[in-house]
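Q: My structure file entry_13.cif, mmCIF, C-alpha atoms, is below:
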data_entry
#
loop_
_atom_site.label_atom_id
_atom_site.label_comp_id
_atom_site.auth_asym_id
_atom_site.auth_seq_id
_atom_site.Cartn_x
_atom_site.Cartn_y
_atom_site.Cartn_z
CA MET N 545 -54.99 -11.88 86.33
CA SER N 546 -53.45 -14.73 88.34
CA VAL N 547 -53.89 -17.95 86.32
CA LEU N 548 -52.96 -21.30 87.84
CA TRP N 549 -52.62 -23.14 84.55
CA GLN N 550 -50.48 -20.54 82.72
CA LYS N 551 -47.61 -22.17 80.79
CA SER N 552 -44.54 -20.44 79.36
CA GLY N 553 -44.65 -19.49 75.70
CA ILE N 554 -48.45 -19.47 75.49
CA GLU N 555 -50.20 -16.12 75.27
CA ILE N 556 -53.65 -15.80 76.79
CA ASP N 557 -56.20 -13.75 74.87
CA PRO N 558 -57.75 -11.47 77.52
CA ARG N 559 -61.19 -11.65 75.89
CA ILE N 560 -61.15 -15.44 76.02
CA MET N 561 -59.82 -15.33 79.56
CA GLN N 562 -62.66 -13.03 80.60
CA PHE N 563 -65.19 -15.41 79.06
CA LEU N 564 -63.62 -18.40 80.79
CA ALA N 565 -63.45 -16.72 84.17
CA GLY N 566 -66.93 -15.19 83.83
CA SER N 567 -68.29 -14.17 87.21
CA ASP N 568 -66.39 -16.88 89.08
CA VAL N 569 -64.28 -14.49 91.09
CA VAL N 570 -67.41 -12.73 92.37
CA LEU N 571 -69.31 -15.95 93.07
CA ASP N 572 -66.29 -17.38 94.87
CA ARG N 573 -66.73 -14.75 97.54
CA GLU N 574 -69.52 -17.02 98.79
CA LEU N 575 -67.21 -20.02 98.86
CA PHE N 576 -63.89 -18.39 99.75
CA LEU N 577 -63.84 -19.06 103.49
CA HIS N 578 -64.86 -22.67 102.89
CA ASP N 579 -62.05 -23.01 100.34
CA ILE N 580 -59.60 -21.77 102.99
CA VAL N 581 -60.92 -24.28 105.52
CA ALA N 582 -60.50 -27.09 102.97
CA SER N 583 -56.98 -25.87 102.14
CA LYS N 584 -56.05 -26.03 105.81
CA ALA N 585 -57.25 -29.62 106.00
CA HIS N 586 -55.36 -30.46 102.80
CA VAL N 587 -52.01 -29.09 103.98
CA ARG N 588 -52.38 -30.88 107.31
CA GLY N 589 -52.94 -34.05 105.28
CA LEU N 590 -49.84 -33.35 103.20
CA ALA N 591 -47.83 -32.99 106.40
CA ARG N 592 -49.14 -36.37 107.60
CA ILE N 593 -47.54 -38.05 104.57
CA ASP N 594 -44.34 -35.96 104.84
CA LEU N 595 -44.82 -33.90 101.68
CA ILE N 596 -44.40 -30.68 103.61
CA SER N 597 -42.36 -30.05 106.74
CA ALA N 598 -43.66 -29.03 110.14
CA ASP N 599 -42.29 -25.51 109.63
CA GLU N 600 -43.96 -25.25 106.23
CA LEU N 601 -47.22 -26.46 107.72
CA ASP N 602 -47.07 -23.86 110.48
CA GLY N 603 -46.46 -21.12 107.94
CA LEU N 604 -49.24 -22.26 105.63
CA LEU N 605 -51.77 -22.51 108.45
CA ARG N 606 -50.74 -19.11 109.80
CA GLU N 607 -51.11 -17.44 106.39
CA LEU N 608 -54.40 -19.19 105.63
CA ASP N 609 -55.78 -17.92 108.95
CA ALA N 610 -54.48 -14.44 108.16
CA LEU N 611 -56.09 -14.54 104.71
CA SER N 612 -59.37 -15.58 106.28
CA GLU N 613 -59.26 -12.66 108.70
CA ASP N 614 -58.24 -10.21 105.97
CA PHE N 615 -61.13 -11.38 103.80
CA ARG N 616 -63.62 -10.96 106.64
CA SER N 617 -62.34 -7.49 107.48
CA GLY N 618 -62.17 -6.32 103.87
CA ALA N 619 -58.38 -5.96 103.91
CA PHE N 620 -58.24 -8.60 101.18
CA VAL N 621 -60.69 -8.30 98.27
CA LEU N 622 -61.36 -11.13 95.87
CA ASP N 623 -61.53 -9.26 92.56
CA GLU N 624 -60.55 -9.36 88.89
CA ARG N 625 -56.85 -9.68 89.75
CA TYR N 626 -57.61 -13.40 90.14
CA GLU N 627 -59.21 -15.99 87.93
CA ASP N 628 -61.10 -17.42 90.89
CA GLY N 629 -60.86 -17.99 94.62
CA HIS N 630 -58.54 -20.96 94.27
CA SER N 631 -55.92 -18.99 92.36
CA ALA N 632 -56.24 -16.15 94.87
CA ILE N 633 -55.39 -18.47 97.75
CA GLU N 634 -52.36 -19.92 96.02
CA ALA N 635 -51.15 -16.49 94.84
CA ARG N 636 -51.38 -15.10 98.37
CA LEU N 637 -49.55 -18.06 99.91
CA THR N 638 -46.82 -17.93 97.27
CA GLU N 639 -46.41 -14.19 97.81
CA ARG N 640 -46.00 -14.64 101.56
CA LEU N 641 -44.20 -18.00 101.75
CA GLY N 642 -42.46 -18.59 98.43
CA ASP N 643 -41.91 -22.27 97.67
CA ALA N 644 -44.04 -23.41 100.61
CA GLY N 645 -46.96 -21.57 99.06
CA ARG N 646 -46.35 -23.30 95.75
CA LYS N 647 -46.76 -26.68 97.48
CA VAL N 648 -50.34 -26.06 98.59
CA HIS N 649 -51.78 -27.47 95.36
CA THR N 650 -49.88 -30.76 95.61
CA GLY N 651 -52.26 -33.65 94.96
CA ARG N 652 -55.18 -31.30 94.31
CA SER N 653 -57.12 -30.18 91.30
CA ARG N 654 -59.38 -27.17 91.07
CA ASN N 655 -62.05 -29.79 90.48
CA ASP N 656 -61.91 -31.17 93.99
CA GLN N 657 -61.28 -27.69 95.39
CA VAL N 658 -64.57 -26.39 94.04
CA LEU N 659 -66.30 -29.65 94.98
CA VAL N 660 -65.27 -29.51 98.61
CA ALA N 661 -65.83 -25.76 99.01
CA SER N 662 -69.27 -25.91 97.42
CA ARG N 663 -70.13 -29.05 99.41
CA LEU N 664 -69.29 -27.28 102.67
CA TRP N 665 -71.30 -24.25 101.51
CA LEU N 666 -74.30 -26.40 100.59
CA LYS N 667 -74.22 -28.06 103.99
CA GLU N 668 -74.37 -24.62 105.57
CA GLN N 669 -77.29 -23.60 103.33
CA LEU N 670 -79.23 -26.77 104.10
CA HIS N 671 -78.67 -26.28 107.80
CA ASP N 672 -80.10 -22.77 107.50
CA LEU N 673 -82.99 -24.08 105.42
CA ALA N 674 -83.88 -26.70 108.00
CA ALA N 675 -83.66 -24.09 110.76
CA ALA N 676 -85.91 -21.64 108.88
CA CYS N 677 -88.51 -24.36 108.30
CA ARG N 678 -88.26 -25.42 111.93
CA ASP N 679 -88.80 -21.84 113.11
CA SER N 680 -91.85 -21.38 110.87
CA ALA N 681 -93.30 -24.69 112.08
CA ARG N 682 -92.79 -23.58 115.69
CA VAL N 683 -94.77 -20.37 115.19
CA CYS N 684 -97.54 -22.25 113.38
CA LEU N 685 -97.82 -24.84 116.16
CA ASP N 686 -97.91 -22.18 118.85
CA ARG N 687 -100.58 -20.16 117.10
CA ALA N 688 -102.67 -23.23 116.27
CA SER N 689 -102.75 -24.18 119.95
CA ALA N 690 -103.33 -20.64 121.24
CA GLU N 691 -106.42 -19.59 119.27
CA SER N 692 -109.04 -20.98 116.91
CA LEU N 693 -111.24 -18.49 115.07
CA PRO N 694 -113.86 -19.63 112.54
CA MET N 695 -113.04 -18.82 108.93
CA PRO N 696 -114.21 -20.05 105.53
CA GLY N 697 -112.49 -23.04 104.01
CA TYR N 698 -112.11 -22.86 100.24
CA THR N 699 -111.93 -25.25 97.34
CA HIS N 700 -111.55 -23.94 93.78
CA LEU N 701 -111.37 -20.47 95.41
CA GLN N 702 -115.07 -20.88 96.29
CA ARG N 703 -116.44 -20.89 99.83
CA ALA N 704 -116.81 -24.55 100.74
CA VAL N 705 -117.00 -25.48 104.45
CA VAL N 706 -116.35 -23.97 107.85
CA SER N 707 -112.67 -23.96 108.76
CA SER N 708 -110.59 -22.24 111.43
CA THR N 709 -107.38 -20.31 111.89
CA ALA N 710 -106.09 -23.21 114.00
CA MET N 711 -106.62 -25.62 111.10
CA TRP N 712 -104.86 -23.20 108.76
CA PHE N 713 -101.84 -22.89 111.04
CA ALA N 714 -101.77 -26.65 111.74
CA GLY N 715 -101.67 -27.37 108.01
CA PHE N 716 -98.62 -25.20 107.46
CA ALA N 717 -97.00 -26.47 110.67
CA GLU N 718 -97.01 -30.01 109.32
CA ALA N 719 -95.81 -28.79 105.93
CA PHE N 720 -92.79 -27.01 107.37
CA ILE N 721 -91.97 -29.92 109.68
CA ASP N 722 -91.77 -32.12 106.59
CA ASP N 723 -89.69 -29.47 104.80
CA ALA N 724 -87.23 -29.36 107.70
CA ARG N 725 -86.99 -33.15 107.62
CA ARG N 726 -86.34 -33.10 103.87
CA ALA N 727 -83.63 -30.47 104.28
CA ARG N 728 -81.97 -32.61 106.94
CA ASP N 729 -82.22 -35.77 104.83
CA THR N 730 -80.64 -33.91 101.91
CA TYR N 731 -77.90 -32.67 104.24
CA ASP N 732 -77.11 -36.30 105.05
CA LEU N 733 -77.07 -37.21 101.35
CA ILE N 734 -74.48 -34.59 100.40
CA ASP N 735 -72.42 -34.93 103.58
CA ALA N 736 -69.63 -36.73 101.71
CA ASN N 737 -66.00 -35.61 101.42
CA PRO N 738 -64.66 -35.25 97.84
CA LEU N 739 -61.30 -33.79 98.91
CA GLY N 740 -58.43 -35.83 97.49
CA THR N 741 -60.25 -37.07 94.39
CA ALA N 742 -58.27 -34.54 92.29
CA ALA N 743 -59.50 -34.27 88.69
CA GLY N 744 -61.67 -37.35 89.08
CA TYR N 745 -59.16 -40.20 88.92
CA GLY N 746 -57.16 -39.97 92.14
CA VAL N 747 -53.42 -39.27 92.41
CA ASN N 748 -50.28 -41.33 92.94
CA LEU N 749 -49.93 -40.18 96.55
CA PRO N 750 -51.10 -41.92 99.74
CA LEU N 751 -53.41 -39.05 100.70
CA ASP N 752 -55.03 -39.53 104.11
CA ARG N 753 -58.59 -38.97 102.95
CA ASP N 754 -60.10 -40.48 106.09
CA TYR N 755 -58.25 -37.84 108.09
CA THR N 756 -59.51 -34.93 105.98
CA THR N 757 -63.04 -36.35 106.15
CA GLN N 758 -62.92 -36.14 109.93
CA GLU N 759 -61.07 -32.82 109.93
CA LEU N 760 -63.71 -31.15 107.73
CA GLY N 761 -66.65 -32.62 109.65
CA PHE N 762 -68.02 -34.75 106.83
CA GLY N 763 -70.20 -37.71 107.70
CA ARG N 764 -68.50 -40.04 105.23
CA LEU N 765 -65.87 -40.28 102.53
CA GLN N 766 -66.93 -40.01 98.92
CA VAL N 767 -64.87 -42.97 97.84
CA SER N 768 -64.86 -43.01 94.05
CA PRO N 769 -63.09 -40.09 92.34
CA ILE N 770 -65.29 -40.65 89.29
CA TYR N 771 -68.45 -40.47 91.37
CA ALA N 772 -67.16 -37.30 93.04
CA GLN N 773 -67.33 -35.67 89.60
CA LEU N 774 -70.65 -37.33 88.74
CA SER N 775 -72.14 -35.95 91.96
CA ARG N 776 -71.43 -32.35 91.00
CA GLY N 777 -74.75 -31.01 89.85
CA LYS N 778 -76.58 -34.07 91.19
CA PHE N 779 -76.05 -32.96 94.79
CA GLU N 780 -76.79 -29.33 93.90
CA LEU N 781 -80.08 -30.46 92.36
CA ALA N 782 -80.96 -32.38 95.51
CA ALA N 783 -80.28 -29.28 97.62
CA LEU N 784 -82.37 -27.11 95.31
CA ASP N 785 -85.17 -29.69 95.44
CA ALA N 786 -85.22 -29.44 99.23
CA LEU N 787 -85.31 -25.65 98.99
CA ALA N 788 -88.05 -25.79 96.35
CA SER N 789 -90.17 -28.03 98.59
CA ALA N 790 -90.18 -25.39 101.31
CA GLN N 791 -90.64 -22.65 98.74
CA LEU N 792 -93.77 -24.33 97.37
CA ASP N 793 -95.33 -24.19 100.83
CA LEU N 794 -94.21 -20.60 101.23
CA ARG N 795 -95.72 -19.70 97.87
CA ARG N 796 -99.12 -21.13 98.77
CA LEU N 797 -99.04 -19.47 102.19
CA ALA N 798 -98.11 -16.16 100.57
CA TRP N 799 -100.96 -16.55 98.11
CA ASP N 800 -103.38 -17.05 101.02
CA LEU N 801 -102.12 -13.94 102.74
CA SER N 802 -102.23 -11.95 99.50
CA LEU N 803 -105.95 -12.72 99.35
CA PHE N 804 -106.70 -12.57 103.06
CA THR N 805 -105.21 -9.08 103.44
CA THR N 806 -107.24 -7.52 100.61
CA ALA N 807 -110.16 -5.25 101.46
CA GLU N 808 -112.43 -7.75 99.69
CA TYR N 809 -111.52 -10.46 102.20
CA GLY N 810 -110.28 -8.47 105.18
CA PHE N 811 -109.45 -11.66 107.08
CA ALA N 812 -105.95 -10.66 108.17
CA SER N 813 -103.74 -7.63 108.73
CA LEU N 814 -99.99 -7.25 108.45
CA PRO N 815 -97.84 -4.93 110.57
CA ASN N 816 -96.49 -1.91 108.72
CA ALA N 817 -92.99 -3.43 108.79
CA TYR N 818 -94.17 -6.04 106.26
CA THR N 819 -95.82 -3.53 103.93
CA THR N 820 -94.67 -0.59 101.84
CA GLY N 821 -96.23 2.62 100.62
CA SER N 822 -97.14 3.52 97.08
CA SER N 823 -94.91 5.92 95.15
CA ILE N 824 -97.93 7.85 93.90
CA MET N 825 -101.03 6.83 95.90
CA PRO N 826 -100.86 8.22 99.45
CA ASN N 827 -103.65 5.95 100.68
CA LYS N 828 -101.86 2.68 99.88
CA ARG N 829 -100.05 0.15 102.05
CA ASN N 830 -98.93 -2.73 99.86
CA PRO N 831 -98.08 -6.29 101.00
CA ASP N 832 -94.81 -6.26 99.05
CA VAL N 833 -93.01 -8.65 101.40
CA VAL N 834 -95.70 -11.28 100.91
CA GLU N 835 -95.68 -10.76 97.15
CA LEU N 836 -91.89 -11.16 96.91
CA MET N 837 -92.09 -14.23 99.12
CA ARG N 838 -94.52 -15.64 96.58
CA ALA N 839 -92.22 -14.65 93.70
CA SER N 840 -89.08 -16.05 95.32
CA TYR N 841 -90.00 -19.56 94.19
CA ALA N 842 -89.25 -18.46 90.62
CA ALA N 843 -85.55 -17.94 91.44
CA VAL N 844 -85.32 -21.42 92.96
CA ALA N 845 -87.14 -23.06 90.05
CA ALA N 846 -84.92 -21.22 87.57
CA ALA N 847 -81.78 -22.34 89.41
CA ARG N 848 -82.97 -25.93 89.40
CA THR N 849 -83.75 -25.81 85.69
CA GLU N 850 -80.39 -24.25 84.90
CA VAL N 851 -78.44 -26.88 86.82
CA GLU N 852 -80.45 -29.76 85.39
CA SER N 853 -79.98 -28.40 81.87
CA LEU N 854 -76.20 -28.40 82.36
CA LEU N 855 -76.11 -32.08 83.28
CA SER N 856 -76.51 -33.59 79.81
CA LEU N 857 -72.85 -34.59 80.02
CA PRO N 858 -70.62 -37.67 79.84
CA SER N 859 -68.70 -38.81 82.90
CA GLY N 860 -65.62 -36.91 84.01
CA TYR N 861 -65.31 -33.19 84.59
CA GLN N 862 -66.69 -30.84 81.95
CA ARG N 863 -66.27 -27.05 82.11
CA ASP N 864 -70.03 -26.63 81.58
CA LEU N 865 -70.44 -27.25 85.31
CA GLN N 866 -68.86 -23.89 86.09
CA PHE N 867 -72.20 -22.24 85.34
CA SER N 868 -73.94 -24.26 88.07
CA LYS N 869 -72.23 -22.13 90.71
CA GLY N 870 -74.14 -18.96 89.86
CA ALA N 871 -77.45 -20.83 89.78
CA ILE N 872 -77.15 -22.28 93.26
CA VAL N 873 -75.82 -19.07 94.81
CA HIS N 874 -78.67 -17.07 93.28
CA GLY N 875 -81.35 -19.66 94.10
CA PHE N 876 -80.35 -20.11 97.73
CA GLY N 877 -79.69 -16.40 98.18
CA ILE N 878 -83.24 -15.43 97.26
CA GLY N 879 -85.04 -18.54 98.49
CA LEU N 880 -83.48 -18.61 101.95
CA SER N 881 -83.83 -14.87 102.51
CA ALA N 882 -87.58 -15.20 101.93
CA LEU N 883 -87.96 -18.20 104.22
CA LYS N 884 -85.99 -16.57 107.01
CA LEU N 885 -88.49 -13.68 107.09
CA LEU N 886 -91.48 -15.98 107.42
CA PRO N 887 -91.42 -16.82 111.17
CA GLY N 888 -91.56 -13.15 112.14
CA LEU N 889 -94.37 -12.48 109.70
CA LEU N 890 -96.42 -15.44 110.98
CA ALA N 891 -95.91 -14.39 114.59
CA SER N 892 -97.14 -10.85 113.94
CA LEU N 893 -100.03 -11.70 111.60
CA ARG N 894 -103.35 -10.46 113.02
CA TRP N 895 -106.64 -12.21 112.27
CA ASN N 896 -109.80 -10.16 111.89
CA ALA N 897 -112.52 -12.30 113.45
CA ALA N 898 -115.61 -10.39 112.31
CA PRO N 899 -115.00 -10.44 108.53
CA MET N 900 -114.06 -14.13 108.66
CA ARG N 901 -117.24 -14.98 110.52
CA ALA N 902 -119.36 -12.84 108.21
CA ALA N 903 -118.00 -14.74 105.21
CA ILE N 904 -119.37 -18.05 106.52
CA GLU N 905 -122.67 -18.39 104.65
CA PRO N 906 -125.50 -20.89 105.36
CA SER N 907 -124.74 -23.20 102.44
CA MET N 908 -121.32 -23.96 103.94
CA TYR N 909 -123.06 -26.23 106.48
CA ALA N 910 -124.52 -28.45 103.74
CA THR N 911 -121.70 -30.99 104.06
CA ASP N 912 -122.37 -31.25 107.80
CA VAL N 913 -126.06 -31.90 107.09
CA ALA N 914 -125.33 -34.61 104.52
CA ILE N 915 -122.85 -36.44 106.75
CA GLU N 916 -125.17 -36.26 109.76
CA GLN N 917 -127.93 -37.86 107.69
CA ALA N 918 -125.54 -40.54 106.46
CA ALA N 919 -124.49 -41.27 110.04
CA ALA N 920 -128.20 -41.70 110.87
CA GLY N 921 -128.51 -44.40 108.20
CA VAL N 922 -129.50 -42.50 105.06
CA PRO N 923 -127.45 -43.62 102.04
CA PHE N 924 -124.86 -40.89 101.53
CA ARG N 925 -125.78 -40.10 97.92
CA ASP N 926 -129.42 -39.61 98.94
CA ALA N 927 -128.34 -37.43 101.87
CA TYR N 928 -126.07 -35.50 99.50
CA ARG N 929 -128.92 -34.72 97.08
CA ALA N 930 -131.25 -33.68 99.87
CA ALA N 931 -128.61 -31.39 101.40
CA ALA N 932 -127.91 -29.85 97.99
CA GLU N 933 -131.59 -29.04 97.45
CA ALA N 934 -131.83 -27.40 100.88
CA ALA N 935 -128.35 -25.83 100.92
CA ALA N 936 -129.67 -22.29 101.41
CA ASP N 937 -131.25 -23.37 104.69
CA ALA N 938 -128.41 -25.62 105.86
CA GLY N 939 -127.20 -23.11 108.42
CA GLN N 940 -130.48 -22.83 110.28
CA GLY N 941 -129.79 -23.21 113.98
CA ARG N 942 -126.10 -23.85 113.41
CA THR N 943 -122.95 -21.98 114.43
CA PRO N 944 -119.38 -22.13 113.15
CA GLU N 945 -118.21 -23.27 116.58
CA ALA N 946 -120.61 -26.23 116.61
CA SER N 947 -119.56 -27.23 113.10
CA LEU N 948 -115.91 -27.18 114.11
CA ALA N 949 -116.55 -29.03 117.37
CA ALA N 950 -118.26 -31.84 115.43
CA ARG N 951 -115.27 -32.27 113.07
CA VAL N 952 -113.86 -35.22 115.01
CA SER N 953 -111.98 -37.00 112.22
CA PRO N 954 -108.24 -37.09 113.01
CA GLY N 955 -106.71 -33.80 111.94
CA GLY N 956 -110.11 -32.12 111.85
CA ALA N 957 -110.90 -29.05 113.92
CA ALA N 958 -111.99 -31.07 116.97
CA ASP N 959 -108.95 -33.34 116.84
CA LEU N 960 -106.05 -31.35 115.38
CA ARG N 961 -103.52 -33.83 116.77
CA LEU N 962 -101.18 -30.99 117.70
CA ASP N 963 -99.50 -33.34 120.18
CA GLU N 964 -98.51 -35.62 117.31
CA LEU N 965 -97.22 -32.68 115.29
CA GLU N 966 -95.28 -31.52 118.34
CA ARG N 967 -93.62 -34.94 118.59
CA ARG N 968 -92.63 -34.78 114.94
CA TYR N 969 -91.35 -31.26 115.42
CA GLN N 970 -89.20 -32.32 118.37
CA ALA N 971 -87.88 -35.31 116.41
CA VAL N 972 -86.81 -33.04 113.55
CA CYS N 973 -85.19 -30.61 115.97
CA GLY N 974 -83.16 -33.49 117.39
CA LEU N 975 -81.81 -34.24 113.91
CA LEU N 976 -80.64 -30.72 113.13
CA VAL N 977 -76.94 -29.99 113.36
CA PRO N 978 -76.27 -27.41 116.14
#
Since I need it in another form, could you write the structure as C-alpha cells?

A:
Amino acid sequence: MSVLWQKSGIEIDPRIMQFLAGSDVVLDRELFLHDIVASKAHVRGLARIDLISADELDGLLRELDALSEDFRSGAFVLDERYEDGHSAIEARLTERLGDAGRKVHTGRSRNDQVLVASRLWLKEQLHDLAAACRDSARVCLDRASAESLPMPGYTHLQRAVVSSTAMWFAGFAEAFIDDARRARDTYDLIDANPLGTAAGYGVNLPLDRDYTTQELGFGRLQVSPIYAQLSRGKFELAALDALASAQLDLRRLAWDLSLFTTAEYGFASLPNAYTTGSSIMPNKRNPDVVELMRASYAAVAAARTEVESLLSLPSGYQRDLQFSKGAIVHGFGIGLSALKLLPGLLASLRWNAAPMRAAIEPSMYATDVAIEQAAAGVPFRDAYRAAAEAAADAGQGRTPEASLAARVSPGGAADLRLDELERRYQAVCGLLVP
C-alpha cells in the first residue's frame, strides 16, 4: 500500500493500516477526478511562485490529464494498492516524473486536499439537487395548469373537503421550487475555496490562493485556515439538510401515491415501468419505485445523524472526520437517485377521475355551507354547529366543480396563483449554475 506519511525505520502493522484506511480508497473514487482538478490548480499556483519550473509544470499537467483519462476509461483503478486517492495521485506522478512528482504535495496537506475535493463534489451534488427539484416543479406546474379533476382533500387521513388534482400538483410545485432555492442557497454557502490552508494553520509560502480560487471556480476564498477545518462537517451537514428538505417533500408525495394507487383508493395509476411484479403472486404489480422513494429519506437522515454525531470535536483536524465521507456519499447517492426519477414519474402519472369523484361524499360540503352562512352574517360558530348537524345533507344540490369554483381565497382552487409560482420558478432557474 502506498502511504504518504511512511517514515524510515517505522514498521506499519497491516491490520492497523487497514483500519486506518478503511473504505477510503473506494469512497475516493467519487472524489478522484475533483482531486485531480484541485492538484492541477495547485501546481499552477506553485509555478506562479517559482517553486516548480515551467517544464515541471507542463509534465505535471500532462500526467494529471493522463491520469484523469485513464481513470475514466478504467485503465487506472483506484484500489487497495493505495491508502487513498491522494496517495494514488502522488504515487502515479512520482512513477512517471520522478522528483517533479514528489513536488506536487509542496505546501499541501491531505487535510486541504480532501476539503477541496469534497467541496467541489458537494457543489456538483447540490447543483444536481437543485436541477432535480426544478424539474419536478416544472412537471407539477404544467400538470396543475393543464387539468383540474375533483378529488377528496384529507386531514387526519379522513375525507375532509373537496380538493382537486390541480391543487395537489400546485402544492408540490411550490414545495420543490423552495427546495431548489434552498439547494442553491446552500451551494452559495459552501462555495468557498479551502485550498492552501494546509493542515489548518497555513504554510510559510506565499501561495496565490486568490488565483486558485478563480481557477477552481469558487465564489470566494475561505480565508481562515482554522475555519477551513471547522467547516468540514458543518458544510456537509448544510448540504445534507438541503437534500433532506427535498426528500421530506418526496416522502410525503410518495406516501400519497402509495395510497392513491391502491385498489381501495384507485385514484391514480402508474405505468408498468414504475412497478414490479411479485416473485410468487402472478396477479401483482407493486409500486416498488414509489416505496423506495419513500424509504430513501432514511439514508439521508442517517447520513445527517452520522455526520452530526462526529462533530463533537475541538478545533483543528481530527481523524474522526474521515468517517463523514462515507455518510455523505451514501446519503447523496440514494437521495439524489430517488429525486432524479421523480419528474418522469409525475409526468406519466394517470389520474382516475371516476373513483376520485365517487369518494367525494355529501358531508365534505359542510365547510362550504358554514362559510356561506358566515358570509351572510351568521356568527361563524353558530353556522358551524348548524352545518355539523346537517352534514349528511350538505351536498344537496352541490357539485365538486361548484365547490372548487367558489374557493376564491388566494391559493385556493379558483385562484391557484400559478402565475406567481411560475415567476418564482423562473427566478430559481435564473440562479442555477449552468

Q: Could you tell me how far atom CA of Asn830 of chain N lies from atom CA of Gly810 of chain N, in Å and to one decimal?

A: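 Atom CA of Asn830 of chain N sits 13.8 Å away from atom CA of Gly810 of chain N.
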
Q: Would you kindly identify which residues have an atom no farther than 6 Å from (-69.4, -35.9, 104.9), using all atoms listed in the file and the file's own coordinates, and write them out as a VMD selection string?

A: chain N and resid 735 to 737 762 to 764

Q: For Ser802 of chain N, find every residue with an atom within 8 Å (counting all atoms listed in the file), except residues of its own chain fewer than 3 positions away, and show them as a PDB file with C-alpha atoms, keeping the file's coordinate frame.

A:
ATOM      1  CA  ALA N 798     -98.110 -16.160 100.570  1.00  0.00           C
ATOM      2  CA  TRP N 799    -100.960 -16.550  98.110  1.00  0.00           C
ATOM      3  CA  THR N 805    -105.210  -9.080 103.440  1.00  0.00           C
ATOM      4  CA  THR N 806    -107.240  -7.520 100.610  1.00  0.00           C
ATOM      5  CA  PRO N 831     -98.080  -6.290 101.000  1.00  0.00           C
ATOM      6  CA  VAL N 834     -95.700 -11.280 100.910  1.00  0.00           C
ATOM      7  CA  GLU N 835     -95.680 -10.760  97.150  1.00  0.00           C
TER       8      GLU N 835
END

Q: Taking the file as I've supplied it (selection: the PyMOL selection byres ((chain N and resi 815-818) around 9)), which residues are included? Please answer as a list in words.

A: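 On the file shown, the PyMOL selection byres ((chain N and resi 815-818) around 9) covers Ser813, Leu814, Thr819, Thr820, Arg829, Asn830, Pro831, Asp832, Val833, Val834, Leu889, Ser892, Leu893 and Arg894 of chain N.
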
Q: Distance atom CA of Ser567 of chain N-atom CA of Lys778 of chain N, one decimal place?

A: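 Answer for the atom CA of Ser567 of chain N to atom CA of Lys778 of chain N separation: 21.9 Å.
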